[in-house]
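> So here's start06.txt, just compact mmCIF, C-alpha atoms and all ligand atoms:
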# COMPACT_ATOMS: atom_id res chain seq x y z
CA MET L 1 87.15 94.03 76.37
CA THR L 2 90.64 95.14 75.38
CA THR L 3 92.40 97.00 78.15
CA THR L 4 95.67 98.81 77.59
CA LEU L 5 97.26 96.28 79.89
CA LEU L 6 95.88 93.38 77.82
CA ALA L 7 97.58 94.84 74.74
CA GLU L 8 100.83 95.16 76.66
CA ILE L 9 100.68 91.58 77.97
CA ARG L 10 99.90 90.31 74.47
CA ASP L 11 103.00 92.11 73.16
CA GLU L 12 105.15 90.61 75.89
CA ILE L 13 103.89 87.09 75.10
CA LEU L 14 104.44 87.61 71.37
CA ALA L 15 107.97 88.82 72.02
CA SER L 16 109.15 86.26 74.55
CA GLY L 17 106.54 83.53 74.99
CA PRO L 18 103.93 82.63 77.63
CA ILE L 19 104.40 84.17 81.08
CA GLY L 20 104.13 82.66 84.56
CA LEU L 21 101.09 83.36 86.71
CA ASP L 22 103.33 85.33 89.06
CA ARG L 23 104.26 87.69 86.24
CA TYR L 24 100.61 87.94 85.17
CA MET L 25 99.37 88.71 88.70
CA GLY L 26 102.23 91.14 89.26
CA LEU L 27 101.31 93.07 86.12
CA CYS L 28 97.54 93.00 86.73
CA LEU L 29 97.83 94.21 90.31
CA GLY L 30 101.00 96.22 90.34
CA HIS L 31 101.76 97.52 86.84
CA PRO L 32 103.06 101.07 87.50
CA VAL L 33 100.46 102.69 85.23
CA HIS L 34 97.65 100.19 84.59
CA GLY L 35 97.85 97.93 87.67
CA TYR L 36 94.61 97.32 89.52
CA TYR L 37 95.82 98.76 92.82
CA ARG L 38 97.64 101.66 91.16
CA THR L 39 94.57 103.10 89.53
CA ARG L 40 91.72 102.89 92.01
CA ASP L 41 90.34 102.43 95.49
CA PRO L 42 88.80 98.96 95.12
CA LEU L 43 87.23 98.79 98.58
CA GLY L 44 83.69 99.30 99.78
CA ALA L 45 80.15 99.07 98.48
CA ARG L 46 80.90 101.00 95.29
CA GLY L 47 84.22 99.25 94.74
CA ASP L 48 84.90 95.61 93.93
CA PHE L 49 85.02 94.01 97.37
CA VAL L 50 84.50 94.70 101.08
CA THR L 51 86.99 93.81 103.81
CA ALA L 52 86.48 93.25 107.53
CA PRO L 53 87.66 96.72 108.67
CA GLU L 54 85.22 98.28 106.19
CA ILE L 55 82.37 96.19 107.63
CA SER L 56 82.76 97.42 111.19
CA GLN L 57 84.97 99.61 113.38
CA MET L 58 84.96 96.73 115.88
CA PHE L 59 87.42 94.78 113.74
CA GLY L 60 90.17 97.42 113.90
CA GLU L 61 89.42 98.15 117.56
CA LEU L 62 89.94 94.51 118.51
CA ILE L 63 93.22 94.50 116.55
CA GLY L 64 94.16 97.60 118.58
CA ILE L 65 93.54 95.62 121.76
CA TRP L 66 95.62 92.76 120.33
CA ILE L 67 98.46 95.21 119.64
CA ALA L 68 98.29 96.64 123.18
CA ALA L 69 98.46 93.18 124.77
CA THR L 70 101.24 92.00 122.46
CA TRP L 71 103.27 95.13 123.21
CA ALA L 72 102.82 94.51 126.95
CA ALA L 73 103.92 90.88 126.50
CA MET L 74 107.04 92.16 124.71
CA GLY L 75 107.94 94.12 127.86
CA ALA L 76 106.52 97.43 126.57
CA PRO L 77 109.54 98.58 124.50
CA ASN L 78 109.40 102.35 123.94
CA ASP L 79 110.89 102.18 120.45
CA LEU L 80 108.10 100.05 118.97
CA LEU L 81 107.42 100.13 115.25
CA LEU L 82 103.78 99.58 114.40
CA VAL L 83 103.68 98.30 110.82
CA GLU L 84 100.75 97.58 108.56
CA LEU L 85 101.11 95.76 105.25
CA GLY L 86 98.59 96.81 102.59
CA PRO L 87 96.55 99.15 104.82
CA GLY L 88 93.84 99.79 102.17
CA ARG L 89 91.92 102.91 103.15
CA GLY L 90 93.64 103.11 106.55
CA THR L 91 90.40 102.21 108.30
CA LEU L 92 91.77 99.28 110.30
CA MET L 93 94.70 101.32 111.62
CA GLN L 94 92.53 104.34 112.40
CA ASP L 95 90.21 102.17 114.53
CA ALA L 96 93.17 100.30 116.06
CA LEU L 97 94.98 103.52 117.07
CA ARG L 98 91.82 104.82 118.79
CA ALA L 99 91.50 101.60 120.81
CA LEU L 100 95.25 101.54 121.42
CA ALA L 101 95.25 105.07 122.89
CA ARG L 102 92.82 103.82 125.53
CA ALA L 103 94.36 100.38 126.12
CA ALA L 104 98.02 101.48 126.15
CA PRO L 105 98.09 105.27 126.77
CA THR L 106 101.86 105.34 127.27
CA LEU L 107 102.62 103.68 123.93
CA ARG L 108 103.79 106.07 121.22
CA PRO L 109 104.54 103.76 118.31
CA ALA L 110 106.26 104.87 115.13
CA LEU L 111 103.77 104.10 112.36
CA HIS L 112 105.11 102.47 109.18
CA LEU L 113 102.85 101.58 106.25
CA VAL L 114 103.86 99.26 103.42
CA GLU L 115 101.75 100.27 100.44
CA THR L 116 102.37 100.47 96.71
CA SER L 117 99.13 102.15 95.62
CA PRO L 118 99.27 105.95 95.33
CA VAL L 119 95.46 106.11 95.43
CA LEU L 120 95.31 104.18 98.70
CA ARG L 121 98.31 106.04 100.16
CA ALA L 122 96.24 109.24 99.74
CA GLU L 123 93.33 107.60 101.61
CA GLN L 124 95.73 106.47 104.35
CA GLU L 125 97.17 109.99 104.63
CA ARG L 126 93.64 111.34 105.11
CA ARG L 127 92.83 108.98 107.98
CA LEU L 128 96.25 108.49 109.58
CA GLY L 129 98.09 111.72 108.76
CA ASP L 130 97.98 112.85 112.41
CA ALA L 131 100.09 109.82 113.38
CA SER L 132 102.82 110.89 110.90
CA PRO L 133 103.18 107.56 109.09
CA VAL L 134 106.23 106.65 107.04
CA TRP L 135 105.39 104.85 103.79
CA HIS L 136 107.40 102.02 102.23
CA ASP L 137 107.16 100.26 98.87
CA SER L 138 108.22 96.99 100.49
CA ILE L 139 109.22 95.59 103.87
CA ALA L 140 112.91 95.80 102.87
CA THR L 141 113.18 99.44 104.00
CA LEU L 142 111.56 99.04 107.42
CA PRO L 143 114.02 100.16 110.13
CA ALA L 144 115.45 97.56 112.51
CA ALA L 145 113.55 97.79 115.84
CA PRO L 146 111.04 95.83 117.90
CA MET L 147 107.92 95.65 115.77
CA ILE L 148 104.31 94.61 115.65
CA VAL L 149 103.11 93.97 112.12
CA VAL L 150 99.49 93.66 111.03
CA ALA L 151 98.34 92.39 107.63
CA ASN L 152 94.67 91.97 106.72
CA GLU L 153 93.97 90.62 103.23
CA PHE L 154 97.51 91.38 102.13
CA PHE L 155 99.10 88.00 101.47
CA ASP L 156 96.23 86.89 99.19
CA ALA L 157 97.16 89.66 96.75
CA LEU L 158 100.79 88.61 96.29
CA PRO L 159 101.74 86.82 93.05
CA VAL L 160 101.86 83.02 92.96
CA ARG L 161 103.05 80.38 90.50
CA GLN L 162 101.04 77.26 89.73
CA PHE L 163 102.13 73.83 88.55
CA GLN L 164 100.11 70.94 87.18
CA ARG L 165 101.05 67.33 87.83
CA ALA L 166 101.43 64.99 84.86
CA GLU L 167 103.27 61.69 84.24
CA ARG L 168 106.65 63.34 83.71
CA GLY L 169 106.44 65.77 86.66
CA TRP L 170 105.17 69.26 87.51
CA PHE L 171 104.50 71.57 84.56
CA GLU L 172 104.18 75.28 85.21
CA ARG L 173 100.83 76.82 84.34
CA LEU L 174 101.45 79.71 81.98
CA VAL L 175 99.45 82.54 80.48
CA GLY L 176 99.72 82.61 76.69
CA LEU L 177 97.59 83.55 73.70
CA ALA L 178 94.45 81.68 72.63
CA PRO L 179 94.37 80.22 69.09
CA ASP L 180 92.69 83.42 67.85
CA GLY L 181 95.89 85.26 68.78
CA ASN L 182 93.87 87.83 70.71
CA ALA L 183 92.52 86.54 73.99
CA LEU L 184 94.70 85.23 76.81
CA ALA L 185 94.55 81.53 77.63
CA PHE L 186 96.08 79.18 80.17
CA GLY L 187 98.56 76.61 78.99
CA LEU L 188 101.37 74.50 80.39
CA ALA L 189 105.11 74.71 80.05
CA ALA L 190 106.57 72.26 77.51
CA GLU L 191 108.91 70.68 80.06
CA PRO L 192 108.41 69.85 83.75
CA ASP L 193 110.18 71.86 86.45
CA THR L 194 112.59 69.29 87.84
CA ARG L 195 113.23 71.31 91.01
CA ILE L 196 109.77 70.42 92.32
CA THR L 197 109.87 67.11 94.11
CA ALA L 198 106.41 67.16 95.75
CA SER L 199 104.17 64.16 95.20
CA GLY L 200 100.58 64.42 94.02
CA PRO L 201 98.10 62.61 91.80
CA ASN L 202 98.09 63.28 88.05
CA GLY L 203 96.16 66.34 86.97
CA VAL L 204 96.21 68.24 90.28
CA LEU L 205 97.24 71.87 90.49
CA MET L 206 99.72 73.11 93.08
CA THR L 207 100.08 76.75 94.03
CA LEU L 208 103.46 78.12 95.05
CA PRO L 209 103.10 81.46 96.89
CA GLY L 210 106.68 82.56 96.32
CA ALA L 211 106.25 86.25 97.12
CA ALA L 212 104.28 85.58 100.31
CA LEU L 213 106.82 82.99 101.47
CA ALA L 214 109.72 85.38 100.88
CA CYS L 215 107.88 88.14 102.74
CA VAL L 216 107.12 85.87 105.72
CA ARG L 217 110.71 84.63 105.88
CA ALA L 218 112.07 88.19 105.84
CA LEU L 219 109.64 89.32 108.54
CA ALA L 220 110.39 86.26 110.66
CA ARG L 221 114.10 87.07 110.53
CA ARG L 222 113.28 90.63 111.63
CA VAL L 223 111.19 89.68 114.65
CA VAL L 224 113.60 86.93 115.69
CA ALA L 225 116.49 89.44 115.60
CA ASP L 226 114.78 92.57 116.94
CA ARG L 227 111.76 91.07 118.76
CA GLY L 228 108.14 91.39 117.83
CA ALA L 229 105.16 89.70 116.26
CA VAL L 230 103.39 89.56 112.91
CA LEU L 231 99.61 89.04 112.67
CA ALA L 232 98.19 87.88 109.35
CA ILE L 233 94.46 87.60 108.71
CA ASP L 234 93.31 86.30 105.38
CA TYR L 235 91.02 83.87 103.68
CA GLY L 236 92.72 80.59 103.15
CA HIS L 237 93.23 77.05 104.21
CA VAL L 238 95.03 75.49 107.12
CA ARG L 239 95.98 72.20 105.50
CA PRO L 240 97.90 72.21 102.27
CA GLY L 241 95.76 71.05 99.39
CA PHE L 242 95.56 70.89 95.64
CA GLY L 243 93.16 72.92 93.56
CA ASP L 244 92.87 76.24 91.88
CA SER L 245 91.92 79.10 94.20
CA LEU L 246 92.87 81.85 91.76
CA GLN L 247 89.92 84.19 91.56
CA ALA L 248 89.12 87.50 89.95
CA VAL L 249 86.50 89.77 91.49
CA ARG L 250 84.94 92.84 89.95
CA GLY L 251 81.91 94.74 91.20
CA HIS L 252 81.35 92.13 93.96
CA ALA L 253 81.10 89.28 91.41
CA PHE L 254 83.52 86.64 90.15
CA VAL L 255 84.82 87.17 86.62
CA PRO L 256 87.21 85.02 84.49
CA PRO L 257 90.77 85.88 85.60
CA LEU L 258 92.18 86.41 82.10
CA THR L 259 89.57 88.57 80.40
CA ALA L 260 90.16 92.10 81.70
CA PRO L 261 93.67 92.29 83.17
CA GLY L 262 94.11 95.23 85.51
CA GLU L 263 90.35 95.76 85.87
CA ALA L 264 89.59 93.04 88.41
CA ASP L 265 91.10 92.07 91.76
CA LEU L 266 93.13 88.86 91.54
CA THR L 267 93.76 86.74 94.61
CA THR L 268 94.46 83.20 95.74
CA HIS L 269 93.65 81.49 99.02
CA VAL L 270 96.48 81.87 101.50
CA ASP L 271 98.29 78.61 102.30
CA PHE L 272 98.70 79.12 106.04
CA ALA L 273 100.52 75.82 106.49
CA ALA L 274 103.22 76.90 104.04
CA LEU L 275 103.47 80.40 105.52
CA GLY L 276 103.72 78.93 109.02
CA ARG L 277 106.54 76.59 107.95
CA ALA L 278 108.37 79.53 106.36
CA ALA L 279 108.15 81.45 109.66
CA THR L 280 109.31 78.58 111.87
CA SER L 281 112.14 77.74 109.45
CA GLU L 282 113.60 81.14 110.41
CA GLY L 283 113.29 80.39 114.12
CA ALA L 284 109.99 82.19 114.79
CA ALA L 285 107.31 80.84 117.14
CA LEU L 286 103.97 80.10 115.48
CA HIS L 287 100.57 81.03 116.97
CA GLY L 288 97.56 79.52 115.21
CA PRO L 289 96.08 79.66 112.64
CA VAL L 290 92.57 79.81 114.06
CA ASP L 291 89.26 80.75 112.47
CA GLN L 292 88.66 84.51 112.40
CA ARG L 293 85.49 83.78 114.35
CA ASP L 294 87.40 82.28 117.29
CA PHE L 295 90.04 85.00 117.17
CA LEU L 296 87.54 87.87 117.29
CA LEU L 297 85.34 86.25 119.95
CA ALA L 298 88.40 85.57 122.14
CA LEU L 299 89.39 89.22 121.82
CA GLY L 300 85.93 90.29 123.04
CA LEU L 301 83.84 90.97 119.94
CA ARG L 302 80.59 90.23 121.76
CA GLU L 303 81.40 92.57 124.66
CA ARG L 304 82.53 95.27 122.24
CA ALA L 305 79.28 94.97 120.26
CA GLU L 306 77.22 95.21 123.46
CA ARG L 307 79.18 98.22 124.64
CA LEU L 308 78.69 100.01 121.29
CA GLY L 309 75.02 99.06 121.23
CA ARG L 310 74.31 100.62 124.60
CA ASP L 311 74.54 104.20 123.30
CA ALA L 312 73.03 103.43 119.90
CA SER L 313 69.60 103.77 118.32
CA PRO L 314 67.65 100.56 117.61
CA ALA L 315 68.61 100.79 113.92
CA GLN L 316 72.28 101.28 114.78
CA ARG L 317 72.07 98.38 117.21
CA ASP L 318 70.74 96.14 114.43
CA ALA L 319 73.62 97.24 112.19
CA ILE L 320 76.17 96.43 114.92
CA THR L 321 74.68 92.97 115.43
CA ALA L 322 74.60 92.34 111.68
CA ALA L 323 78.27 93.37 111.34
CA ALA L 324 79.35 91.16 114.24
CA THR L 325 77.46 88.26 112.65
CA ARG L 326 79.05 88.85 109.26
CA LEU L 327 82.55 88.86 110.76
CA THR L 328 82.00 85.61 112.67
CA ASP L 329 79.40 83.67 110.68
CA PRO L 330 80.94 80.23 110.01
CA SER L 331 78.69 79.54 107.00
CA ARG L 332 79.73 80.19 103.41
CA ARG L 333 78.12 83.63 103.45
CA GLY L 334 80.11 84.85 106.43
CA MET L 335 83.78 85.42 107.10
CA GLY L 336 83.93 83.45 110.35
CA SER L 337 85.70 80.32 109.20
CA LEU L 338 86.76 81.11 105.63
CA PHE L 339 89.12 83.67 107.16
CA LYS L 340 91.94 82.67 109.49
CA ALA L 341 94.19 84.53 111.89
CA MET L 342 97.79 83.45 112.42
CA ALA L 343 100.77 85.10 114.07
CA PHE L 344 104.49 84.44 114.30
CA SER L 345 106.87 86.04 116.73
CA ASP L 346 110.22 85.87 118.45
CA SER L 347 110.36 82.79 120.65
CA ALA L 348 110.13 84.76 123.93
CA LEU L 349 106.47 85.45 123.13
CA THR L 350 104.90 82.16 124.10
CA ALA L 351 101.26 83.30 124.13
CA LEU L 352 99.51 86.01 122.14
CA PRO L 353 95.94 87.19 122.73
CA GLY L 354 93.19 85.35 120.87
CA LEU L 355 95.55 82.64 119.60
CA PRO L 356 96.60 79.22 120.91
CA PRO L 357 99.96 78.94 122.72
CA ALA L 358 103.00 79.04 120.45
CA LYS L 359 104.52 76.07 118.71
CA PRO L 360 108.26 76.51 118.21
N1 LIG L 401 94.13 95.73 104.56
C1 LIG L 401 93.12 96.47 103.84
C2 LIG L 401 93.26 96.39 102.31
C3 LIG L 401 93.28 95.03 101.70
S1 LIG L 401 93.46 95.10 99.94
C4 LIG L 401 91.75 96.05 104.29
O1 LIG L 401 91.65 95.05 104.97
O2 LIG L 401 90.79 96.74 103.96
C5 LIG L 401 95.20 94.81 99.70
C6 LIG L 401 96.08 95.95 100.10
O3 LIG L 401 97.43 95.59 99.84
C7 LIG L 401 95.87 97.26 99.36
O4 LIG L 401 96.14 98.33 100.24
C8 LIG L 401 96.90 97.15 98.25
O5 LIG L 401 97.21 98.38 97.65
C9 LIG L 401 98.05 96.55 99.00
N2 LIG L 401 99.02 95.82 98.19
C10 LIG L 401 98.78 94.88 97.25
N3 LIG L 401 99.93 94.37 96.76
C11 LIG L 401 100.93 95.00 97.42
C12 LIG L 401 102.36 94.90 97.39
N4 LIG L 401 102.97 94.05 96.56
N5 LIG L 401 103.07 95.69 98.21
C13 LIG L 401 102.46 96.54 99.06
N6 LIG L 401 101.11 96.67 99.15
C14 LIG L 401 100.36 95.92 98.34
So that I can check it, write out the structure of this file as structure tokens.

Amino acid sequence: MTTTLLAEIRDEILASGPIGLDRYMGLCLGHPVHGYYRTRDPLGARGDFVTAPEISQMFGELIGIWIAATWAAMGAPNDLLLVELGPGRGTLMQDALRALARAAPTLRPALHLVETSPVLRAEQERRLGDASPVWHDSIATLPAAPMIVVANEFFDALPVRQFQRAERGWFERLVGLAPDGNALAFGLAAEPDTRITASGPNGVLMTLPGAALACVRALARRVVADRGAVLAIDYGHVRPGFGDSLQAVRGHAFVPPLTAPGEADLTTHVDFAALGRAATSEGAALHGPVDQRDFLLALGLRERAERLGRDASPAQRDAITAAATRLTDPSRRGMGSLFKAMAFSDSALTALPGLPPAKP
């Protein structure tokens, strides 16, 4: 299938040679006209994938409780910014604000949403318009103030570079043209990148999440200077490892990542160890990561499900139980242990709800 974006990428490669995976992901997801997130709402049963807040209102409600407790731990500043990165349809924040109104009735946060997709901004306006959100293209324009930042399945969508180990060093994995001159194909740079000094056995692939690391560092500097905490929930791994986690998903199924650029969601597993190091290198305190299962259960998922079930029909009760199971199931089918929750904060916050005590 030739997409308009495929033709454009082909032209770019013909003109100036193979491109890095970061450039490829950036174009596929964020191209101003043909980018995946620019052109559609990818979420939900009819979209390409389903996220935790779309599975159950309980997810956002528990995040709302987390926000209330974190705000209290910060000393309840009255100029709090509540920030969400990549809010999708706005479902998580809508559920969180409802829970927050009950848990912290005196809190009147200023809502800031970092979102590049016009389609999803419209969805967010529909659900969150009453809270008068301010939208940003990136975190750079967020005002300086105490802040609580929430990001669910945001960091996995940021562009990465990959490098393959060979005798002479680490060679960048590039996207070029296949021998037929039409299709896209992976290849390697002709020369190793001498700036990379990591060790690793021959043949392994290393992923460098440059955009995510830069974002974490910038946010860590913000919360260290102005106080606050950042909660990231994503699928990923706790220990650094080698291997290719780049995946393309379309219509709830995996597809080859190079065949229909701009038509499939592209993500990689989040390297929580690397993100955590980036946060602490800026002086932030690190909380977690823990499995999403443990995080949600510690925040009271079971109690919340029971409470909801009390006023529900038997069919609704079954749906609530099924959703709670899906969010916490540690097997491959569930999200319980594939997904992790991690936070970083200013060092005065030594304990955050649902997470182990901070490591400096
Ligand atoms: N948090 C939501 C949506 C996850 S999908 C949920 O859990 O349902 C990823 C979200 O990040 C989308 O809203 C997408 O438009 C946004 N996004 C992706 N790349 C982005 C970028 N570089 N800057 C800002 N938002 C981005």
> May I ask you to write as a ChimeraX atom specification all residues lying at most 9 Å from ligand LIG 401 (chain L), with all atoms listed in the file counted?
/L:26,29-30,36-38,41-44,49-54,84-92,113-121,136-139,150-159,211,233-234
> When distances are computed from only C-alpha atoms, which of L:Ala144, L:Leu5, L:Gly336, L:Ala68 shows the smallest separation from Pro32 in chain L?
L:Leu5
> Counting only C-alpha atoms, figure out which residue out of L:Leu231, L:Arg161, L:His269, L:Ser313 gets nearest to Gln247 in chain L.
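Selected residue with least distance to Gln247 in chain L: L:His269.
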> Need to verify the contact set: Ala273 in chain L, 7 Å, all atoms listed in the file, exclusion of same-chain residues closer than 4 positions in sequence. Can you return it as a list in words?
Val238, Arg239, Pro240 and Arg277 of chain L
> Using only C-alpha atoms, which residue out of L:Leu82, L:Gly35, L:Asp95, L:Arg333 lies closest to Trp135 in chain L?
L:Leu82
> Please check which residues have atoms at most 10 Å from (91.1, 88.1, 84.0) in the file's coordinates, counting all atoms listed in the file, and write them as a ChimeraX atom specification.
/L:6,24-25,28,184-185,247-250,254-266
> Give me the residues near range 287-297 of chain L as a ChimeraX atom specification, where near means some atom within 8 Å (using only C-alpha atoms) and where sequence neighbours in that chain fewer than 3 positions away do not count.
/L:59,62,233,238,272,300-302,327-330,335-344,351-352,354-359
> What would the file look like if the residues just selected were written as a PDB file, in the coordinates of the input with C-alpha atoms?

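Below is the file that was written, result03.pdb:
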ATOM      1  CA  PHE L  59      87.420  94.780 113.740  1.00  0.00           C
ATOM      2  CA  LEU L  62      89.940  94.510 118.510  1.00  0.00           C
ATOM      3  CA  ILE L 233      94.460  87.600 108.710  1.00  0.00           C
ATOM      4  CA  VAL L 238      95.030  75.490 107.120  1.00  0.00           C
ATOM      5  CA  PHE L 272      98.700  79.120 106.040  1.00  0.00           C
ATOM      6  CA  GLY L 300      85.930  90.290 123.040  1.00  0.00           C
ATOM      7  CA  LEU L 301      83.840  90.970 119.940  1.00  0.00           C
ATOM      8  CA  ARG L 302      80.590  90.230 121.760  1.00  0.00           C
ATOM      9  CA  LEU L 327      82.550  88.860 110.760  1.00  0.00           C
ATOM     10  CA  THR L 328      82.000  85.610 112.670  1.00  0.00           C
ATOM     11  CA  ASP L 329      79.400  83.670 110.680  1.00  0.00           C
ATOM     12  CA  PRO L 330      80.940  80.230 110.010  1.00  0.00           C
ATOM     13  CA  MET L 335      83.780  85.420 107.100  1.00  0.00           C
ATOM     14  CA  GLY L 336      83.930  83.450 110.350  1.00  0.00           C
ATOM     15  CA  SER L 337      85.700  80.320 109.200  1.00  0.00           C
ATOM     16  CA  LEU L 338      86.760  81.110 105.630  1.00  0.00           C
ATOM     17  CA  PHE L 339      89.120  83.670 107.160  1.00  0.00           C
ATOM     18  CA  LYS L 340      91.940  82.670 109.490  1.00  0.00           C
ATOM     19  CA  ALA L 341      94.190  84.530 111.890  1.00  0.00           C
ATOM     20  CA  MET L 342      97.790  83.450 112.420  1.00  0.00           C
ATOM     21  CA  ALA L 343     100.770  85.100 114.070  1.00  0.00           C
ATOM     22  CA  PHE L 344     104.490  84.440 114.300  1.00  0.00           C
ATOM     23  CA  ALA L 351     101.260  83.300 124.130  1.00  0.00           C
ATOM     24  CA  LEU L 352      99.510  86.010 122.140  1.00  0.00           C
ATOM     25  CA  GLY L 354      93.190  85.350 120.870  1.00  0.00           C
ATOM     26  CA  LEU L 355      95.550  82.640 119.600  1.00  0.00           C
ATOM     27  CA  PRO L 356      96.600  79.220 120.910  1.00  0.00           C
ATOM     28  CA  PRO L 357      99.960  78.940 122.720  1.00  0.00           C
ATOM     29  CA  ALA L 358     103.000  79.040 120.450  1.00  0.00           C
ATOM     30  CA  LYS L 359     104.520  76.070 118.710  1.00  0.00           C
TER      31      LYS L 359
END
> Given all atoms listed in the file as the basis, pick out the residue of L:Ala298, L:Leu81, L:Ala218, L:Val175 nearest to Glu12 in chain L.
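Ranking L:Ala298, L:Leu81, L:Ala218, L:Val175 by distance to Glu12 in chain L, first place goes to L:Val175.
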> Excluding same-chain residues fewer than 5 positions from Thr207 in chain L, what lies within 8 Å of it counting only C-alpha atoms, as a PDB file with C-alpha atoms, in the frame of the given file?

ATOM      1  CA  VAL L 160     101.860  83.020  92.960  1.00  0.00           C
ATOM      2  CA  ARG L 161     103.050  80.380  90.500  1.00  0.00           C
ATOM      3  CA  GLN L 162     101.040  77.260  89.730  1.00  0.00           C
ATOM      4  CA  PHE L 163     102.130  73.830  88.550  1.00  0.00           C
ATOM      5  CA  PHE L 242      95.560  70.890  95.640  1.00  0.00           C
ATOM      6  CA  GLY L 243      93.160  72.920  93.560  1.00  0.00           C
ATOM      7  CA  ASP L 244      92.870  76.240  91.880  1.00  0.00           C
TER       8      ASP L 244
END
> Pick out the closest residue to Leu107 in chain L from this set: L:Asn182, L:Ser16, L:Asn78, L:Asn202. Count all atoms listed in the file.
L:Asn78
> Between L:Leu213, L:Ala225, L:Leu208, L:Ala312, which is the closest to Gly241 in chain L once you count all atoms listed in the file?
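Once distances to Gly241 in chain L are computed over all atoms listed in the file, the minimum belongs to L:Leu208.
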> Could you pull the residues within 12 Å of Arg165 in chain L, counting only C-alpha atoms, minus those fewer than 3 positions along the same chain, as a PDB file with C-alpha atoms, in the coordinates of the input?

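Everything below was put into around.pdb:
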ATOM      1  CA  GLN L 162     101.040  77.260  89.730  1.00  0.00           C
ATOM      2  CA  ARG L 168     106.650  63.340  83.710  1.00  0.00           C
ATOM      3  CA  GLY L 169     106.440  65.770  86.660  1.00  0.00           C
ATOM      4  CA  TRP L 170     105.170  69.260  87.510  1.00  0.00           C
ATOM      5  CA  PHE L 171     104.500  71.570  84.560  1.00  0.00           C
ATOM      6  CA  GLU L 172     104.180  75.280  85.210  1.00  0.00           C
ATOM      7  CA  ARG L 173     100.830  76.820  84.340  1.00  0.00           C
ATOM      8  CA  LEU L 188     101.370  74.500  80.390  1.00  0.00           C
ATOM      9  CA  ALA L 189     105.110  74.710  80.050  1.00  0.00           C
ATOM     10  CA  GLU L 191     108.910  70.680  80.060  1.00  0.00           C
ATOM     11  CA  PRO L 192     108.410  69.850  83.750  1.00  0.00           C
ATOM     12  CA  ASP L 193     110.180  71.860  86.450  1.00  0.00           C
ATOM     13  CA  THR L 194     112.590  69.290  87.840  1.00  0.00           C
ATOM     14  CA  ILE L 196     109.770  70.420  92.320  1.00  0.00           C
ATOM     15  CA  THR L 197     109.870  67.110  94.110  1.00  0.00           C
ATOM     16  CA  ALA L 198     106.410  67.160  95.750  1.00  0.00           C
ATOM     17  CA  SER L 199     104.170  64.160  95.200  1.00  0.00           C
ATOM     18  CA  GLY L 200     100.580  64.420  94.020  1.00  0.00           C
ATOM     19  CA  PRO L 201      98.100  62.610  91.800  1.00  0.00           C
ATOM     20  CA  ASN L 202      98.090  63.280  88.050  1.00  0.00           C
ATOM     21  CA  GLY L 203      96.160  66.340  86.970  1.00  0.00           C
ATOM     22  CA  VAL L 204      96.210  68.240  90.280  1.00  0.00           C
ATOM     23  CA  LEU L 205      97.240  71.870  90.490  1.00  0.00           C
ATOM     24  CA  MET L 206      99.720  73.110  93.080  1.00  0.00           C
ATOM     25  CA  THR L 207     100.080  76.750  94.030  1.00  0.00           C
ATOM     26  CA  PHE L 242      95.560  70.890  95.640  1.00  0.00           C
ATOM     27  CA  GLY L 243      93.160  72.920  93.560  1.00  0.00           C
TER      28      GLY L 243
END
> Just how far from CA of Leu27 in chain L is CA of Ile9 in chain L, in Å to one decimal?
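CA of Ile9 in chain L sits 8.3 Å away from CA of Leu27 in chain L.
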> Pick out the residues sitting within 12 Å of Ala72 in chain L, and hand them over as a ChimeraX atom specification; count all atoms listed in the file, and ignore anything fewer than 4 positions along from it in its own chain.
/L:65-68,76-78,80,100,103-107,148,228-229,349,351-353
> Between CA of Arg98 in chain L and CA of Gly129 in chain L, what distance in Å does the model show, to one decimal?
13.7 Å
> CA of His112 in chain L and CA of Thr268 in chain L, how far apart in Å?
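Going from CA of Thr268 in chain L over to CA of His112 in chain L covers 25.8 Å.
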